[in-house]
>>> print(open('work-v5.csv').read())   # CSV, C-alpha atoms
chain,number,residue,atom,x,y,z
B,170,MET,CA,-29.0,121.6,-69.3
B,171,PRO,CA,-31.6,122.1,-66.6
B,172,PHE,CA,-30.7,124.1,-63.6
B,173,ARG,CA,-30.6,122.2,-60.2
B,174,ARG,CA,-30.9,124.2,-57.0
B,175,ALA,CA,-28.3,123.2,-54.4
B,176,THR,CA,-29.7,121.6,-51.2
B,177,PRO,CA,-29.3,123.9,-48.2
B,178,PRO,CA,-26.6,122.7,-45.7
B,179,ILE,CA,-29.2,122.5,-42.9
B,180,LEU,CA,-31.3,120.1,-44.9
B,181,LEU,CA,-28.3,117.9,-45.5
B,182,ARG,CA,-27.6,117.7,-41.8
B,183,ILE,CA,-31.2,116.8,-41.0
B,184,LYS,CA,-31.1,114.1,-43.7
B,185,SER,CA,-27.8,112.7,-42.2
B,186,GLU,CA,-29.2,112.6,-38.7
B,187,PHE,CA,-32.4,110.9,-40.0
B,188,MET,CA,-30.4,108.1,-41.7
B,189,LYS,CA,-28.4,107.5,-38.5
B,190,ILE,CA,-31.6,107.1,-36.5
B,191,LYS,CA,-33.0,104.7,-39.1
B,192,PHE,CA,-29.9,102.6,-39.0
B,193,THR,CA,-29.9,102.4,-35.2
B,194,LEU,CA,-33.5,101.4,-35.1
B,195,SER,CA,-32.9,98.7,-37.7
B,196,PHE,CA,-29.9,97.3,-35.7
B,197,LEU,CA,-31.9,97.2,-32.5
B,198,ALA,CA,-34.6,95.3,-34.3
B,199,ILE,CA,-32.3,92.5,-35.4
B,200,LEU,CA,-30.3,92.4,-32.2
B,201,PRO,CA,-32.4,89.7,-30.5
B,202,PHE,CA,-32.0,87.5,-33.6
B,203,LEU,CA,-28.3,87.9,-33.5
B,204,PHE,CA,-28.2,87.1,-29.8
B,205,ASN,CA,-30.2,83.9,-30.2
B,206,CYS,CA,-28.0,82.8,-33.1
B,207,CYS,CA,-24.9,83.3,-30.9
B,208,LYS,CA,-26.6,81.2,-28.1
B,209,GLU,CA,-27.3,78.4,-30.5
B,210,GLY,CA,-23.7,78.5,-31.8
B,211,ASN,CA,-22.4,78.1,-28.3
B,212,GLY,CA,-24.4,74.8,-27.8
B,213,SER,CA,-27.5,76.2,-26.1
B,214,PRO,CA,-30.9,76.1,-27.8
B,215,ALA,CA,-32.4,79.5,-28.5
B,216,ASN,CA,-35.6,78.7,-26.7
B,217,ASN,CA,-35.3,75.9,-24.2
B,218,GLU,CA,-39.0,75.6,-23.9
B,219,SER,CA,-39.3,74.4,-27.5
B,220,TYR,CA,-36.7,71.7,-27.1
B,221,THR,CA,-37.3,68.2,-25.8
B,222,LYS,CA,-34.8,67.3,-23.0
B,223,ILE,CA,-33.6,63.7,-22.8
B,224,ASN,CA,-31.2,62.3,-20.3
B,225,ASN,CA,-28.8,59.5,-20.7
B,226,TYR,CA,-27.5,57.9,-17.5
B,227,ASN,CA,-24.1,56.8,-16.4
B,228,VAL,CA,-24.9,54.6,-13.5
B,229,LEU,CA,-22.1,53.5,-11.3
B,230,ILE,CA,-22.9,50.7,-8.9
B,231,VAL,CA,-20.4,51.1,-6.0
B,232,PRO,CA,-20.5,48.7,-3.0
B,233,ASP,CA,-18.6,49.2,0.1
B,234,LEU,CA,-16.7,45.9,0.3
B,235,SER,CA,-15.5,46.2,3.8
B,236,ASN,CA,-16.5,43.8,6.6
B,237,ARG,CA,-20.0,45.1,6.3
B,238,ILE,CA,-20.6,42.4,3.7
B,239,ASN,CA,-19.9,39.6,6.1
B,240,PRO,CA,-23.3,38.3,7.3
B,241,ASP,CA,-21.7,36.7,10.4
B,242,LEU,CA,-20.4,40.1,11.6
B,243,HIS,CA,-23.1,42.4,10.2
B,244,PRO,CA,-26.3,40.5,9.3
B,245,LYS,CA,-28.9,42.5,7.3
B,246,PRO,CA,-32.2,41.6,5.7
B,247,ILE,CA,-31.1,41.4,2.0
B,248,HIS,CA,-27.6,40.6,0.8
B,249,ASP,CA,-25.9,43.2,-1.5
B,250,THR,CA,-25.7,40.7,-4.4
B,251,VAL,CA,-29.5,40.2,-4.4
B,252,LEU,CA,-30.1,43.9,-4.6
B,253,ILE,CA,-27.5,44.5,-7.2
B,254,ASN,CA,-28.6,41.6,-9.3
B,255,GLN,CA,-32.1,43.0,-9.3
B,256,MET,CA,-30.8,46.3,-10.6
B,257,ILE,CA,-28.8,44.6,-13.4
B,258,ASP,CA,-31.8,42.4,-14.3
B,259,SER,CA,-33.8,45.5,-14.7
B,260,ILE,CA,-31.6,47.4,-17.1
B,261,GLY,CA,-34.1,46.9,-19.9
B,262,SER,CA,-36.7,48.7,-17.8
B,263,LEU,CA,-34.3,51.5,-16.8
B,264,LEU,CA,-33.7,52.2,-20.4
B,265,LYS,CA,-37.3,53.2,-20.7
B,266,VAL,CA,-37.3,55.7,-17.9
B,267,ASN,CA,-39.0,58.9,-18.8
B,268,ASN,CA,-40.5,57.4,-21.9
B,269,ARG,CA,-37.3,56.9,-23.7
B,270,GLN,CA,-37.8,54.6,-26.7
B,271,MET,CA,-34.6,54.4,-28.7
B,272,ASN,CA,-31.0,55.5,-29.1
B,273,GLN,CA,-30.4,55.5,-25.3
B,274,LEU,CA,-26.8,56.0,-24.5
B,275,ASP,CA,-26.8,54.7,-20.9
B,276,VAL,CA,-23.8,53.1,-19.1
B,277,TYR,CA,-24.3,50.6,-16.2
B,278,LYS,CA,-21.0,49.9,-14.5
B,279,PHE,CA,-19.8,48.2,-11.4
B,280,ASP,CA,-17.2,50.5,-9.9
B,281,PHE,CA,-14.6,49.7,-7.2
B,282,ILE,CA,-13.8,51.8,-4.2
B,283,ASN,CA,-10.7,49.7,-3.8
B,284,LYS,CA,-9.4,49.0,-7.3
B,285,GLY,CA,-6.7,46.7,-5.8
B,286,ILE,CA,-9.2,43.9,-6.1
B,287,LEU,CA,-8.8,44.1,-9.9
B,288,ASN,CA,-5.1,43.4,-9.5
B,289,SER,CA,-6.0,40.0,-8.0
B,290,GLY,CA,-7.3,38.8,-11.4
B,291,THR,CA,-10.5,37.8,-9.6
B,292,ALA,CA,-12.9,39.5,-12.0
B,293,ASN,CA,-13.0,40.8,-15.5
B,294,PRO,CA,-14.1,44.4,-15.4
B,295,GLU,CA,-15.1,44.3,-19.1
B,296,ASN,CA,-17.9,42.0,-18.1
B,297,MET,CA,-19.0,44.4,-15.3
B,298,GLU,CA,-20.1,47.1,-17.7
B,299,ILE,CA,-23.0,47.4,-20.1
B,300,ASN,CA,-22.3,50.4,-22.3
B,301,PHE,CA,-24.9,51.6,-24.8
B,302,LYS,CA,-22.8,54.5,-26.0
B,303,ILE,CA,-21.1,52.2,-28.5
B,304,PHE,CA,-24.5,52.1,-30.3
B,305,GLU,CA,-24.8,55.8,-30.8
B,306,ASN,CA,-26.5,56.4,-34.2
B,307,LYS,CA,-26.7,52.6,-34.7
B,308,LEU,CA,-30.3,52.0,-34.0
B,309,ARG,CA,-30.4,48.6,-35.7
B,310,ASP,CA,-27.4,47.3,-33.8
B,311,ALA,CA,-28.8,48.7,-30.5
B,312,SER,CA,-32.1,47.0,-31.1
B,313,GLU,CA,-30.4,43.7,-32.0
B,314,PHE,CA,-28.3,43.8,-28.8
B,315,LYS,CA,-31.4,44.5,-26.6
B,316,ARG,CA,-33.2,41.5,-28.1
B,317,LYS,CA,-30.3,39.0,-28.3
B,318,GLY,CA,-27.3,40.2,-26.4
B,319,LEU,CA,-28.5,42.0,-23.3
B,320,GLY,CA,-29.5,38.9,-21.5
B,321,GLN,CA,-26.1,37.3,-22.0
B,322,SER,CA,-24.3,40.4,-20.8
B,323,VAL,CA,-26.5,40.6,-17.7
B,324,SER,CA,-25.6,37.0,-16.9
B,325,ARG,CA,-21.9,37.7,-17.2
B,326,PHE,CA,-22.2,40.8,-15.1
B,327,LYS,CA,-23.9,38.9,-12.3
B,328,THR,CA,-21.3,36.1,-12.4
B,329,GLU,CA,-18.5,38.6,-12.0
B,330,ILE,CA,-20.3,40.3,-9.1
B,331,SER,CA,-20.4,36.9,-7.3
B,332,LYS,CA,-16.7,36.5,-7.8
B,333,VAL,CA,-15.9,39.9,-6.4
B,334,TYR,CA,-18.0,39.3,-3.3
B,335,GLN,CA,-16.5,35.9,-2.7
B,336,TYR,CA,-13.0,37.3,-3.0
B,337,SER,CA,-13.8,40.2,-0.7
B,338,LEU,CA,-15.2,37.9,2.0
B,339,GLN,CA,-12.0,35.9,1.9
B,340,HIS,CA,-9.7,38.9,1.7
B,341,PRO,CA,-11.3,41.6,3.9
B,342,ALA,CA,-10.0,45.1,3.5
B,343,GLY,CA,-11.2,48.6,4.2
B,344,SER,CA,-13.1,50.8,1.8
B,345,ASP,CA,-11.8,54.3,1.6
B,346,ILE,CA,-15.0,56.0,0.5
B,347,TRP,CA,-13.6,59.5,1.1
B,348,ASN,CA,-10.8,58.9,-1.4
B,349,TYR,CA,-13.2,57.3,-3.8
B,350,PHE,CA,-15.1,60.5,-4.2
B,351,ASN,CA,-12.0,62.6,-4.0
B,352,GLU,CA,-9.9,60.7,-6.6
B,353,THR,CA,-10.9,57.2,-7.8
B,354,ILE,CA,-14.3,58.3,-9.3
B,355,LYS,CA,-12.6,60.7,-11.7
B,356,THR,CA,-12.0,57.9,-14.3
B,357,SER,CA,-15.6,56.7,-14.2
B,358,VAL,CA,-17.6,59.9,-14.6
B,359,ILE,CA,-18.6,61.1,-18.1
B,360,ASN,CA,-18.0,64.7,-18.7
B,361,GLU,CA,-19.3,65.9,-22.0
B,362,PRO,CA,-21.4,68.9,-23.2
B,363,ASP,CA,-25.1,68.6,-24.0
B,364,LYS,CA,-25.8,67.4,-27.5
B,365,ILE,CA,-28.3,69.5,-29.4
B,366,ASP,CA,-30.2,68.4,-32.4
B,367,SER,CA,-31.7,71.6,-33.8
B,368,ILE,CA,-33.6,69.8,-36.5
B,369,GLY,CA,-35.4,67.4,-34.1
B,370,LYS,CA,-35.3,70.0,-31.3
B,371,ILE,CA,-33.8,67.6,-28.8
B,372,VAL,CA,-31.3,68.4,-26.0
B,373,LYS,CA,-29.4,65.3,-24.8
B,374,SER,CA,-27.6,65.3,-21.4
B,375,THR,CA,-25.6,62.7,-19.6
B,376,LYS,CA,-26.3,62.4,-15.9
B,377,ASN,CA,-23.7,60.7,-13.6
B,378,ILE,CA,-25.3,58.6,-10.9
B,379,VAL,CA,-23.4,56.9,-8.1
B,380,VAL,CA,-25.4,54.1,-6.4
B,381,LEU,CA,-23.4,53.6,-3.2
B,382,LEU,CA,-24.1,50.6,-1.0
B,383,THR,CA,-22.7,51.3,2.5
B,384,ASP,CA,-23.6,51.0,6.1
B,385,GLY,CA,-22.8,54.7,6.6
B,386,TYR,CA,-19.4,54.5,8.3
B,387,ILE,CA,-16.5,56.2,6.6
B,388,GLU,CA,-13.1,54.7,6.8
B,389,SER,CA,-10.0,56.4,5.4
B,390,THR,CA,-6.3,55.7,5.1
B,391,ASN,CA,-5.9,59.4,6.3
B,392,GLN,CA,-6.7,59.2,10.0
B,393,ALA,CA,-6.7,63.0,10.5
B,394,SER,CA,-9.8,64.7,11.8
B,395,GLY,CA,-12.5,65.0,9.2
B,396,TYR,CA,-11.7,62.0,7.1
B,397,THR,CA,-13.5,59.3,9.0
B,398,PHE,CA,-17.0,58.8,10.5
B,399,ASP,CA,-17.6,56.0,13.0
B,400,GLN,CA,-19.9,54.9,15.7
B,401,GLN,CA,-18.1,57.0,18.3
B,402,SER,CA,-18.7,60.1,16.1
B,403,ILE,CA,-22.4,59.4,16.0
B,404,GLN,CA,-22.6,58.8,19.8
B,405,LYS,CA,-20.7,62.1,20.4
B,406,ILE,CA,-23.0,64.1,18.2
B,407,ARG,CA,-26.1,62.5,19.8
B,408,ASN,CA,-24.9,63.2,23.4
B,409,GLU,CA,-24.0,66.8,22.7
B,410,PHE,CA,-27.3,67.4,20.8
B,411,LEU,CA,-29.3,66.0,23.8
B,412,LYS,CA,-27.3,68.1,26.2
B,413,SER,CA,-27.8,71.3,24.2
B,414,GLN,CA,-31.6,70.8,24.3
B,415,ALA,CA,-31.7,72.0,20.7
B,416,SER,CA,-34.9,71.1,18.8
B,417,ASP,CA,-33.5,70.9,15.2
B,418,LEU,CA,-30.9,68.2,14.7
B,419,GLU,CA,-29.8,69.4,11.2
B,420,LYS,CA,-29.3,73.0,12.3
B,421,PHE,CA,-27.4,71.8,15.4
B,422,ILE,CA,-25.0,69.6,13.3
B,423,ILE,CA,-24.4,72.2,10.7
B,424,SER,CA,-23.6,74.8,13.3
B,425,LYS,CA,-20.7,72.6,14.6
B,426,PRO,CA,-18.0,72.4,11.9
B,427,GLU,CA,-16.0,70.0,14.0
B,428,TYR,CA,-18.6,67.3,13.2
B,429,SER,CA,-18.2,67.7,9.4
B,430,ILE,CA,-16.5,65.4,7.0
B,431,ARG,CA,-13.9,67.4,5.0
B,432,LYS,CA,-15.2,68.3,1.6
B,433,THR,CA,-13.4,66.7,-1.3
B,434,THR,CA,-10.9,68.7,-3.4
B,435,ASN,CA,-12.5,67.0,-6.4
B,436,ASN,CA,-15.5,69.0,-7.2
B,437,LEU,CA,-18.5,66.6,-7.4
B,438,LYS,CA,-20.4,69.1,-9.6
B,439,ASP,CA,-23.2,67.4,-11.6
B,440,LEU,CA,-22.8,64.2,-9.6
B,441,HIS,CA,-26.1,62.6,-8.3
B,442,VAL,CA,-25.5,60.3,-5.3
B,443,LEU,CA,-28.0,57.6,-4.2
B,444,ILE,CA,-26.9,56.0,-1.0
B,445,LEU,CA,-28.5,52.6,-0.1
B,446,GLU,CA,-28.4,50.3,2.8
B,447,MET,CA,-27.3,52.5,5.7
B,448,VAL,CA,-27.6,50.4,8.8
B,449,ASP,CA,-29.3,52.0,11.8
B,450,ARG,CA,-27.7,50.3,14.8
B,451,SER,CA,-29.9,52.3,17.2
B,452,LEU,CA,-32.9,50.1,16.4
B,453,ASP,CA,-33.8,46.9,18.2
B,454,LYS,CA,-34.6,43.7,16.4
B,455,ASN,CA,-38.2,44.8,15.8
B,456,GLY,CA,-37.1,48.0,14.2
B,457,ALA,CA,-38.0,50.3,17.1
B,458,ALA,CA,-35.6,53.1,18.0
B,459,LYS,CA,-33.8,52.5,21.3
B,460,ILE,CA,-32.6,56.1,21.5
B,461,GLN,CA,-33.3,59.4,19.8
B,462,PRO,CA,-32.1,60.9,17.5
B,463,THR,CA,-31.3,57.6,15.7
B,464,ASP,CA,-28.0,56.7,14.1
B,465,PHE,CA,-29.7,57.0,10.7
B,466,GLU,CA,-30.9,60.5,11.3
B,467,ILE,CA,-27.5,61.6,12.3
B,468,MET,CA,-25.7,59.8,9.5
B,469,LYS,CA,-28.1,61.3,6.9
B,470,VAL,CA,-27.3,64.9,7.9
B,471,ILE,CA,-23.6,64.3,8.0
B,472,TRP,CA,-23.4,62.5,4.6
B,473,THR,CA,-25.7,65.0,2.9
B,474,GLN,CA,-23.7,68.0,4.2
B,475,TRP,CA,-20.4,66.4,3.2
B,476,LEU,CA,-21.5,65.5,-0.4
B,477,LYS,CA,-23.3,68.8,-0.9
B,478,ASP,CA,-20.4,70.8,0.4
B,479,SER,CA,-18.2,68.8,-2.1
B,480,GLY,CA,-20.4,70.0,-4.9
B,481,ALA,CA,-22.8,67.1,-5.5
B,482,SER,CA,-26.0,68.1,-7.3
B,483,GLU,CA,-28.3,65.7,-5.5
B,484,VAL,CA,-28.1,63.3,-2.5
B,485,LYS,CA,-30.7,60.8,-1.6
B,486,ILE,CA,-30.2,58.3,1.3
B,487,TYR,CA,-32.1,55.1,2.2
B,488,PRO,CA,-31.8,52.8,5.2
B,489,ALA,CA,-31.4,49.0,4.8
B,490,PHE,CA,-34.1,47.3,2.6
B,491,THR,CA,-36.3,44.4,3.4
B,492,LYS,CA,-37.4,43.5,-0.1
B,493,LYS,CA,-35.1,42.6,-3.0
B,494,THR,CA,-36.9,44.9,-5.5
B,495,GLU,CA,-36.6,48.0,-3.3
B,496,ALA,CA,-33.1,49.0,-4.4
B,497,TYR,CA,-34.0,48.8,-8.1
B,498,LEU,CA,-37.2,50.8,-7.5
B,499,ALA,CA,-35.1,53.4,-5.6
B,500,VAL,CA,-32.8,53.7,-8.6
B,501,LYS,CA,-35.7,54.0,-11.0
B,502,LYS,CA,-37.4,56.7,-8.9
B,503,PHE,CA,-34.1,58.6,-8.6
B,504,MET,CA,-33.6,58.6,-12.4
B,505,THR,CA,-37.2,59.4,-13.1
B,506,GLU,CA,-37.3,62.5,-10.9
B,507,MET,CA,-33.9,63.8,-12.0
B,508,LYS,CA,-34.0,67.2,-13.7
>>> encode(input="work-v5.csv", output="structure tokens")
Amino acid sequence: MPFRRATPPILLRIKSEFMKIKFTLSFLAILPFLFNCCKEGNGSPANNESYTKINNYNVLIVPDLSNRINPDLHPKPIHDTVLINQMIDSIGSLLKVNNRQMNQLDVYKFDFINKGILNSGTANPENMEINFKIFENKLRDASEFKRKGLGQSVSRFKTEISKVYQYSLQHPAGSDIWNYFNETIKTSVINEPDKIDSIGKIVKSTKNIVVLLTDGYIESTNQASGYTFDQQSIQKIRNEFLKSQASDLEKFIISKPEYSIRKTTNNLKDLHVLILEMVDRSLDKNGAAKIQPTDFEIMKVIWTQWLKDSGASEVKIYPAFTKKTEAYLAVKKFMTEMK
């Protein structure tokens, strides 16, 4: 039997330390891979740049049905129903926003600030929603509906809108917009995680959009300070701004917390708010400002601050329109530019 010389202890220790170093280096080499795998398992793509991002939209059409809709009291260039009908007629076009071609999971829904209207039996809410989520992974059914069923659904939708406005004119009531954002809206938003198709490298997100038609005045059943915003509030802000001789209206308003609308307790995180048809009563019949700053400039700062403080991701505000297509185009632009 051949003689084997024993390995000296010092060489054994050196070999042991070498193996430890080799193992550590190997582990560090695969660590980024393990980290990326964990990220994908948690619902986030390993490399966002290599994934195509597609948005689906939950569009809530929300009109303020207070006496602002009475043309005898508050005439405006284009009636709400004309603007809303144009939006509904254009759903087929909105489905193609950002080059979307198929399997869109959009929802287009008429939402009520005052849901008491539904108790009257005036309108059927099922006819005031066009929901493409029911066609998820059913491309053939979705295509068939777009070709043959969408037009009929749009017609029913518009008929129900007419009923709602007729009822609201005959039964005037306030619109508690503050409470709508604080409570009522909760049942209408869609909260679901992004869907990731690792094979097709697609990330699908649902964006909640509120298209609010309002003159800009906030009524509330809570009459405490900070829950309402009326013409007197606007006049007070304007007078104090002019008296201060400040040059920046937005900075001046933000520096005065007593002007602010109380933020909602409901976090409006991930909510995108498009406000249409604010009426600027500081303009004359020719559209020229009778006084500066105008009502619209003041309302825009107050509303934006309120909704942003309440957590809204995005706020865009337009004054009253003069063409029936402008509301639809504003919605389309809002969707197109959304991140």
>>> closest_residue(input="work-v5.csv", among="B:Lys508, B:Arg450, B:Arg431, B:Arg316", to="Ile223 of chain B", atoms="only C-alpha atoms")
B:Lys508
>>> closest_residue(input="work-v5.csv", among="B:Pro246, B:Glu466, B:Leu498, B:Pro294", to="Ser262 of chain B", atoms="all atoms listed in the file")
B:Leu498
>>> closest_residue(input="work-v5.csv", among="B:Asn455, B:Thr491, B:Gln400, B:Asn435", to="Met468 of chain B", atoms="all atoms listed in the file")
B:Gln400
>>> residues_around(input="work-v5.csv", residues="His243 of chain B", least_positions_apart="5", cutoff="10 Å", atoms="only C-alpha atoms", output="PyMOL selection string")
chain B and resi 236-238+384+448
>>> write_last_selection(input="work-v5.csv", atoms="C-alpha atoms", output="PDB file, in the frame of the given file")
ATOM      1  CA  ASN B 236     -16.500  43.800   6.600  1.00  0.00           C
ATOM      2  CA  ARG B 237     -20.000  45.100   6.300  1.00  0.00           C
ATOM      3  CA  ILE B 238     -20.600  42.400   3.700  1.00  0.00           C
ATOM      4  CA  ASP B 384     -23.600  51.000   6.100  1.00  0.00           C
ATOM      5  CA  VAL B 448     -27.600  50.400   8.800  1.00  0.00           C
TER       6      VAL B 448
END
>>> residues_around(input="work-v5.csv", residues="Ile257 of chain B", least_positions_apart="3", cutoff="9 Å", atoms="all atoms listed in the file", output="list in words")
Leu252, Ile253, Asn254, Ile260, Gly261, Tyr277, Val323, Ser324, Phe326, Lys327 and Tyr497 of chain B
>>> decode(input="work-v5.csv", residues="segment 424-488 of chain B", atoms="C-alpha atoms", output="mmCIF file, in the first residue's frame")
data_model
loop_
_atom_site.group_PDB
_atom_site.id
_atom_site.type_symbol
_atom_site.label_atom_id
_atom_site.label_comp_id
_atom_site.auth_asym_id
_atom_site.auth_seq_id
_atom_site.Cartn_x
_atom_site.Cartn_y
_atom_site.Cartn_z
ATOM 1 C CA SER B 424 -50.844 80.395 2.020
ATOM 2 C CA LYS B 425 -54.335 80.902 3.466
ATOM 3 C CA PRO B 426 -55.585 77.555 4.863
ATOM 4 C CA GLU B 427 -58.894 79.161 5.804
ATOM 5 C CA TYR B 428 -59.759 79.283 2.081
ATOM 6 C CA SER B 429 -59.220 75.564 1.558
ATOM 7 C CA ILE B 430 -61.839 72.881 1.095
ATOM 8 C CA ARG B 431 -61.280 70.145 3.665
ATOM 9 C CA LYS B 432 -59.533 67.167 2.141
ATOM 10 C CA THR B 433 -61.560 63.976 2.001
ATOM 11 C CA THR B 434 -60.974 61.198 4.498
ATOM 12 C CA ASN B 435 -61.232 58.842 1.537
ATOM 13 C CA ASN B 436 -57.811 58.776 -0.107
ATOM 14 C CA LEU B 437 -58.294 59.570 -3.802
ATOM 15 C CA LYS B 438 -55.015 57.848 -4.671
ATOM 16 C CA ASP B 439 -54.774 56.818 -8.332
ATOM 17 C CA LEU B 440 -57.895 58.834 -9.209
ATOM 18 C CA HIS B 441 -57.663 61.075 -12.275
ATOM 19 C CA VAL B 442 -60.175 63.924 -12.218
ATOM 20 C CA LEU B 443 -61.301 65.849 -15.297
ATOM 21 C CA ILE B 444 -63.616 68.755 -14.452
ATOM 22 C CA LEU B 445 -65.679 70.250 -17.252
ATOM 23 C CA GLU B 446 -68.030 73.180 -17.646
ATOM 24 C CA MET B 447 -66.967 75.468 -14.819
ATOM 25 C CA VAL B 448 -68.920 78.666 -15.311
ATOM 26 C CA ASP B 449 -67.030 81.938 -15.026
ATOM 27 C CA ARG B 450 -69.601 84.476 -13.862
ATOM 28 C CA SER B 451 -67.005 87.238 -13.847
ATOM 29 C CA LEU B 452 -67.175 87.393 -17.657
ATOM 30 C CA ASP B 453 -69.556 89.588 -19.635
ATOM 31 C CA LYS B 454 -71.770 88.268 -22.449
ATOM 32 C CA ASN B 455 -68.905 88.672 -24.906
ATOM 33 C CA GLY B 456 -66.519 86.610 -22.785
ATOM 34 C CA ALA B 457 -64.451 89.546 -21.530
ATOM 35 C CA ALA B 458 -63.401 89.613 -17.874
ATOM 36 C CA LYS B 459 -65.226 92.240 -15.835
ATOM 37 C CA ILE B 460 -62.789 91.855 -12.957
ATOM 38 C CA GLN B 461 -59.430 90.246 -12.207
ATOM 39 C CA PRO B 462 -58.626 87.642 -11.053
ATOM 40 C CA THR B 463 -61.596 85.926 -12.659
ATOM 41 C CA ASP B 464 -63.920 83.467 -10.920
ATOM 42 C CA PHE B 465 -62.470 80.642 -13.005
ATOM 43 C CA GLU B 466 -58.889 81.407 -11.996
ATOM 44 C CA ILE B 467 -59.847 81.308 -8.317
ATOM 45 C CA MET B 468 -62.015 78.182 -8.644
ATOM 46 C CA LYS B 469 -59.270 76.352 -10.512
ATOM 47 C CA VAL B 470 -56.747 76.882 -7.699
ATOM 48 C CA ILE B 471 -59.215 75.940 -4.939
ATOM 49 C CA TRP B 472 -60.445 72.767 -6.691
ATOM 50 C CA THR B 473 -56.966 71.607 -7.689
ATOM 51 C CA GLN B 474 -55.620 72.131 -4.176
ATOM 52 C CA TRP B 475 -58.578 70.289 -2.612
ATOM 53 C CA LEU B 476 -58.421 67.241 -4.868
ATOM 54 C CA LYS B 477 -54.611 67.020 -4.815
ATOM 55 C CA ASP B 478 -54.584 67.307 -1.013
ATOM 56 C CA SER B 479 -57.157 64.494 -0.993
ATOM 57 C CA GLY B 480 -54.736 62.298 -2.927
ATOM 58 C CA ALA B 481 -55.869 62.618 -6.549
ATOM 59 C CA SER B 482 -53.142 61.702 -9.039
ATOM 60 C CA GLU B 483 -54.158 64.249 -11.632
ATOM 61 C CA VAL B 484 -56.589 67.159 -11.918
ATOM 62 C CA LYS B 485 -57.490 68.984 -15.136
ATOM 63 C CA ILE B 486 -60.127 71.726 -15.305
ATOM 64 C CA TYR B 487 -61.935 73.324 -18.254
ATOM 65 C CA PRO B 488 -64.393 76.229 -18.418
#
